[in-house]
Structure formats: structure tokens, C-alpha cells
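In what follows, a single structure is set out as C-alpha cells and then discussed.
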Amino acid sequence: MSSVNVTINQINTATTISVMVLSFFSFGFGAIGLTLNILVFMRPFLRREPCAVYFFWSTCYSLLVVFVIMPIRILSDGYNIDISTYNIVICKTEVYIFHVIRTISCWLIVLASIDRYFNSSAKVQIRRMSSLKIARIATAFISILIIILYSPMIIYYDLTYSTNGSGNIVSTCNSRKGIDRSFDVFWYLILYSLFPSLLMLLFGFLTIINLRRHRQIVPAGSGNNSVVRRTDTQLLRMLITQVFVIIIFTLPFCIVQIYGWYTASLVKDGLRLAVENLIYRVTGTIPYFAHISSFYMYTLTGTIFRKELIKIMKRCCHPNQNLMPVTQAETHNMSMLRSNL
């Protein structure tokens with residue numbers, strides 16, 4: 001066996017190990033963190049916040065990423081059990097569902113960014129667009145829209161057959177070559193990676209401008225009004241952190257996708273293919289961190305999130321202690337204040 005073949009085998013082994021370590025790490029931390037996210041955002045104090053509604057449903061879709069997508073990917077990458085190659089129906093269904101779930105989760109954070117922009121506006125008419133009713137309608141609308149926009153994937157994804165290094169014919173679930181594959185890359189950039197990230201940055205920047213221009217939207221002098229303002233600031237901080245996490249973890253795979261699109265027609269040797277496969281699969285696993293890291297980012301940056309988490313832990317440690325009256329009072333105060341804004 002030549003030294004080149006040895007190097008290729010070492011790279012392939014490193015690829016499998018790296019992907020498996022990242023996948024198991026993401027699954028473990030994601031399962032714990034996202035479950036706690038659900039419990040916190042179900043607290044009455046946060047259920048009445050429109051931004052928290054987007055966080056809650058984004059977490060729900062991220063849970064599907066952890067408990068549906070990741071196990072299937074682990075079986076495929078680590079144990080060569082790829083159910084998408086069993087037949088064409090499973091191939092199309094799996095790819096379609098995977099893309100829809102991840103994309104909806106990402107776009108709900110975009111809607112949260114827009115909600116914070118509405119909430120920080122100096123105009124009453126725009127601030128009123130930050131409401132629970134609109135949050136619920138927008139969540140349902142974006143979910144249906146993403147489902148429709150990804151429907152072409154059912155058509156242009158298919159089983160393709162090729163010969164592996166051992167001379168065996170293997171099947172893979174992939175988009176067809178040519179215009180379909182180019183469209184697949186373009187659609188990934190538009191719907192999941194580049195375009196949502198740009199919208200998050202745009203509305204985050206506009207929100208910061210609004211806050212600097214209109215620091216007196218909520219009149220000072222009232223302790224309760226200060227609570228409202230502090231809650232809004234905390235939610236904005238949590239949102240900005242989540243936005244940067246999404247951009248950081250989705251951008252590398254976006255770059256790799258563009259590179260693969262431009263170099264698809266080049267003739268590549270085995271060593272280059274092995275290196276590119278390593279980069280492709282590792283960067284393809286990294287976006288999972290955008291879905292599983294929200295709990296840890298919220299805990300680090302959101303005081304109100306930590307307080308609600310501590311209340312849940314106290315309730316678990318002292319189940320007979322009645323904390324509900326305090327929570328109901330806080331929720332009532334917040335509701336009354338927002339109705340007067």
C-alpha cells in the first residue's frame with residue numbers, strides 16, 4: 001500500500017471519529033439544554049412575552065433536530081446504516097424533513113429579531129406589532145411557508161449509484177447533478193444560512209439604533225416600568241447572542257457549499273477528495289451547535305432566564321413549596337404594564 005493510500009485511510013478514519021465525537025457531544029448537550037429551555041419558556045412569566053414565544057417554538061424544532069435528525073445521522077456516519085438509501089421514498093422524505101425542521105428553527109430566531117425591532121420602536125403602531133397574537137400567527141405562517149418553499153426538494157433529490165474504493169456499487173441520496181444541485185446549494189444559502197443571518201444582523205442593528213434614539217419610550221420613575229424595560233433588554237441580549245451563535249456555526253458550511261459548487265467540474269485525486277470530505281463532513285456537523293447551544297447562551301446572558309431556571313430547580317428540590325402566587329403576581333404585573341404601553 002502506497003504512502004498516499006495510507007494517508008487517505010488515516011484521513012477517512014479521522015473524519016469518522018471527528019464526526020462521531022461532535023455528533024455525540026451535540027446530542028448529549030442538546031438533549032439536556034433544550035429540554036430545560038422548554039421548561040423555562042413554559043413559565044408564566046415568559047409565556048406572555050412575544051419574543052419568548054419565538055424562542056419556545058424554535059427550541060421545539062431544535063429538539064426535533066436532536067431527537068430525530070442526529071440519531072439518524074449518527075447511524076449513517078458512524079455505523080454505515082443509512083436508511084435514506086433503502087428506497088427513493090425514504091430518500092426524499094428524510095432529506096425534505098431534515099431541511100424543513102432545521103430551517104424553521106432558524107427563521108423563528110429571525111422573527112424574534114424582527115419582534116425586538118418592533119418592540120423598540122418609538123411609534124406606538126409599530127410597537128403594537130410586538131404581541132402574542134402576531135407571534136403565534138407569524139410562527140404558523142413561517143412554518144407553512146418553509147414547508148412549501150422546500151417542496152421542490154422532493155422532486156430533484158434521488159438515489160444515485162457509484163462505485164466505492166472497494167469496487168462495490170453503492171447508493172447515495174443526493175440532488176441530481178447540474179442545475180438541480182446548483183439550485184440545492186443556492187436554496188441552502190437563501191433559506192438556512194446566509195440570508196437569515198443577514199436579516200438577523202440587520203434587525204439586530206436597527207433595534208440597537210432604536211434603543212439609543214428612544215431610551216425614554218417607557219417613562220421613568222416607576223419601579224414596575226423598570227422591570228418591563230429590564231426584561232426587554234435581557235431578551236434582546238439573549239437574542240443577539242443566539243444570532244451570533246447561528247452565524248458562527250452555519251457560515252463555515254455555507255463557504256464549503258459554495259466551494260464545492262465552484263469546483264464540482266474539476267478532476268480531483270483521491271487525497272484531495274479525502275481532505276475535502278473531511279472538511280465537508282465536519283463543517284456539516286458544526287451547524288448542529290447552532291441548535292443545541294441556545295440554553296447555555298441564554299443562561300450566560302439572560303438574568304430573567306436564570307431566575308426562572310432557578311425557580312424550576314427549587315420546585316424540583318422542594319416540591320411542596322408553593323411558588324405559584326409569586327409567579328402569578330409577576331405575570332399579572334407584566335400583563336398590566338404592557339397593556340398600558
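Note on naming: chains are A, B, ... as they come in the C-alpha cells, residues start from 1 per chain, ligands start from 1 in the order shown.
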Contact residues around A:Val21 with only C-alpha atoms at 12 Å, ignoring same-chain residues under 2 positions, as a PyMOL selection string: chain A and resi 14-19+23-28+74+77-78+282+285-286
Which residues, written as a count of residues only, have at least one atom at most 10 Å from A:Val4, with only C-alpha atoms counted and residues fewer than 5 positions away on the same chain left out? 4
Residue nearest A:Ser130 among A:Trp187, A:Val53, A:Tyr61, A:Val100 (counting only C-alpha atoms):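 Ranked by minimum distance to A:Ser130, first place goes to A:Val53.
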Closest of A:Asn5, A:Pro44, A:Gly178, A:Thr207 to A:Tyr262 - atom-to-atom distances counting only C-alpha atoms: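 Closest residue, counting only C-alpha atoms: A:Gly178.
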Stretch 51-207 of chain A: residues DSSP assigns to strand (DSSP E), reported as a ChimeraX atom specification: /A:157-163,169-175
Write the residues of the selection above to a file with N, CA and C atoms, as a PDB file, in the first residue's frame.
```pdb
ATOM      1  N   TYR A 157     -34.310  15.472  -5.534  1.00  0.00           N
ATOM      2  CA  TYR A 157     -33.462  14.531  -4.797  1.00  0.00           C
ATOM      3  C   TYR A 157     -33.773  13.114  -5.257  1.00  0.00           C
ATOM      4  N   ASP A 158     -32.729  12.324  -5.406  1.00  0.00           N
ATOM      5  CA  ASP A 158     -32.905  10.984  -5.956  1.00  0.00           C
ATOM      6  C   ASP A 158     -31.773  10.083  -5.460  1.00  0.00           C
ATOM      7  N   LEU A 159     -31.934   8.780  -5.657  1.00  0.00           N
ATOM      8  CA  LEU A 159     -30.866   7.836  -5.354  1.00  0.00           C
ATOM      9  C   LEU A 159     -29.891   7.783  -6.524  1.00  0.00           C
ATOM     10  N   THR A 160     -28.614   7.981  -6.232  1.00  0.00           N
ATOM     11  CA  THR A 160     -27.573   7.884  -7.259  1.00  0.00           C
ATOM     12  C   THR A 160     -26.654   6.725  -6.914  1.00  0.00           C
ATOM     13  N   TYR A 161     -26.108   6.104  -7.936  1.00  0.00           N
ATOM     14  CA  TYR A 161     -25.268   4.916  -7.744  1.00  0.00           C
ATOM     15  C   TYR A 161     -23.860   5.191  -8.257  1.00  0.00           C
ATOM     16  N   SER A 162     -22.877   4.741  -7.479  1.00  0.00           N
ATOM     17  CA  SER A 162     -21.472   4.929  -7.851  1.00  0.00           C
ATOM     18  C   SER A 162     -20.659   3.771  -7.291  1.00  0.00           C
ATOM     19  N   THR A 163     -19.409   3.693  -7.703  1.00  0.00           N
ATOM     20  CA  THR A 163     -18.512   2.638  -7.253  1.00  0.00           C
ATOM     21  C   THR A 163     -17.590   3.187  -6.177  1.00  0.00           C
ATOM     22  N   ILE A 169     -20.750  -1.330  -5.853  1.00  0.00           N
ATOM     23  CA  ILE A 169     -21.715  -0.306  -6.244  1.00  0.00           C
ATOM     24  C   ILE A 169     -22.536   0.081  -5.017  1.00  0.00           C
ATOM     25  N   VAL A 170     -22.515   1.364  -4.673  1.00  0.00           N
ATOM     26  CA  VAL A 170     -23.247   1.862  -3.507  1.00  0.00           C
ATOM     27  C   VAL A 170     -24.207   2.958  -3.945  1.00  0.00           C
ATOM     28  N   SER A 171     -25.267   3.108  -3.187  1.00  0.00           N
ATOM     29  CA  SER A 171     -26.266   4.141  -3.492  1.00  0.00           C
ATOM     30  C   SER A 171     -26.173   5.263  -2.470  1.00  0.00           C
ATOM     31  N   THR A 172     -26.430   6.461  -2.911  1.00  0.00           N
ATOM     32  CA  THR A 172     -26.459   7.628  -2.033  1.00  0.00           C
ATOM     33  C   THR A 172     -27.670   8.481  -2.372  1.00  0.00           C
ATOM     34  N   CYS A 173     -28.202   9.155  -1.347  1.00  0.00           N
ATOM     35  CA  CYS A 173     -29.337  10.056  -1.548  1.00  0.00           C
ATOM     36  C   CYS A 173     -28.786  11.459  -1.753  1.00  0.00           C
ATOM     37  N   ASN A 174     -28.933  11.978  -2.953  1.00  0.00           N
ATOM     38  CA  ASN A 174     -28.327  13.266  -3.269  1.00  0.00           C
ATOM     39  C   ASN A 174     -29.154  13.975  -4.329  1.00  0.00           C
ATOM     40  N   SER A 175     -28.919  15.278  -4.453  1.00  0.00           N
ATOM     41  CA  SER A 175     -29.579  16.028  -5.517  1.00  0.00           C
ATOM     42  C   SER A 175     -28.939  15.682  -6.853  1.00  0.00           C
TER      43      SER A 175
END
```
Could you give me, as an mmCIF file with C-alpha atoms, in the first residue's frame, the residues within 9 Å of A:Tyr117, counting only C-alpha atoms and dropping anything in the same chain fewer than 6 positions from it?
```cif
data_model
loop_
_atom_site.group_PDB
_atom_site.id
_atom_site.type_symbol
_atom_site.label_atom_id
_atom_site.label_comp_id
_atom_site.auth_asym_id
_atom_site.auth_seq_id
_atom_site.Cartn_x
_atom_site.Cartn_y
_atom_site.Cartn_z
ATOM 1 C CA ILE A 126 -45.165 49.560 15.278
ATOM 2 C CA ARG A 127 -44.742 48.591 18.940
ATOM 3 C CA SER A 130 -44.929 43.012 19.065
ATOM 4 C CA PHE A 203 -32.849 43.871 12.572
ATOM 5 C CA GLY A 204 -30.430 43.500 15.475
ATOM 6 C CA PHE A 205 -28.593 46.611 14.260
ATOM 7 C CA LEU A 206 -31.874 48.507 13.764
ATOM 8 C CA THR A 207 -33.021 47.523 17.250
ATOM 9 C CA ILE A 208 -29.839 48.862 18.814
ATOM 10 C CA ASN A 210 -33.906 52.363 18.192
#
```
Using only C-alpha atoms for the distances, tell me which of A:Leu111, A:Asn37, A:Ser3, A:Thr231 is nearest to A:Thr299. A:Asn37
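Of the residues listed (A:Val65, A:Val40, A:Ala122, A:Leu132), A:Ala122 shows the shortest atom-to-atom separation from A:Ile209; distances use only C-alpha atoms.
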Restrict the calculation to only C-alpha atoms, then for each residue of stretch 219-320 of chain A with any atom at most 9 Å from an atom of stretch 112-116 of chain A give the closest atom pair and their distance in Å to one decimal, rows by chain and rising residue number, as a Markdown table.
```
| residue | atom | partner | partner_atom | distance |
| --- | --- | --- | --- | --- |
| A:Asp232 | CA | A:Arg116 | CA | 8.1 |
| A:Leu235 | CA | A:Arg116 | CA | 8.3 |
| A:Leu236 | CA | A:Arg116 | CA | 6.6 |
| A:Leu239 | CA | A:Ser113 | CA | 7.0 |
| A:Ile240 | CA | A:Ser113 | CA | 8.1 |
| A:Val243 | CA | A:Ser113 | CA | 8.5 |
```
Within 12 Å of A:Arg181, counting only C-alpha atoms, which residues qualify if same-chain residues fewer than 2 places away don't, as a PyMOL selection string? chain A and resi 152-153+155-158+174-179+183-188+257-258+260-262+264
Write out as a PyMOL selection string the set of residues from stretch 113-241 of chain A that DSSP, computed on the backbone, places in alpha helix (DSSP H). chain A and resi 113-119+124-127+132-149+153-156+179-191+194-213+223-241
Would you work out the distance separating atom CA of A:Leu145 from atom CA of A:Leu189, expressed in Å to one decimal?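 Pair atom CA of A:Leu145 / atom CA of A:Leu189 returns 16.6 Å.
Among the candidates A:Arg281, A:Arg272, A:Arg102, A:Arg128, the one nearest to A:Tyr150 when counting only C-alpha atoms is A:Arg102.
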Please, what distance in Å, to one decimal, runs between atom CA of A:Ile32 and atom CA of A:Leu75? 20.6 Å
Could you jot down the atom CA of A:Ile137 to atom CA of A:Thr233 separation for me, Å, one decimal place?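 So the two atoms, atom CA of A:Ile137 and atom CA of A:Thr233, lie 24.0 Å apart.
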Considering only C-alpha atoms, return as a ChimeraX atom specification whatever protein or nucleic-acid residues lie within 12 Å of A:His99, sequence-local ones (same chain, fewer than 4 positions apart) excluded. /A:61-62,64-65,69,92-95,103-106,146-154,184,187-188,191-193
Taking 3 positions as the minimum chain separation for residues in the same chain, which residues sit within 12 Å of A:Lys307 when counting only C-alpha atoms? Answer as a PyMOL selection string. chain A and resi 40-41+43+45-46+231+234+298-304+310-314+327
Check the smallest atom-to-atom distance from each of A:Ile279, A:Ile190, A:Ile90, A:Cys60 to A:Phe253 using only C-alpha atoms, then report the winner.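 Closest to A:Phe253 of all the choices is A:Ile279.
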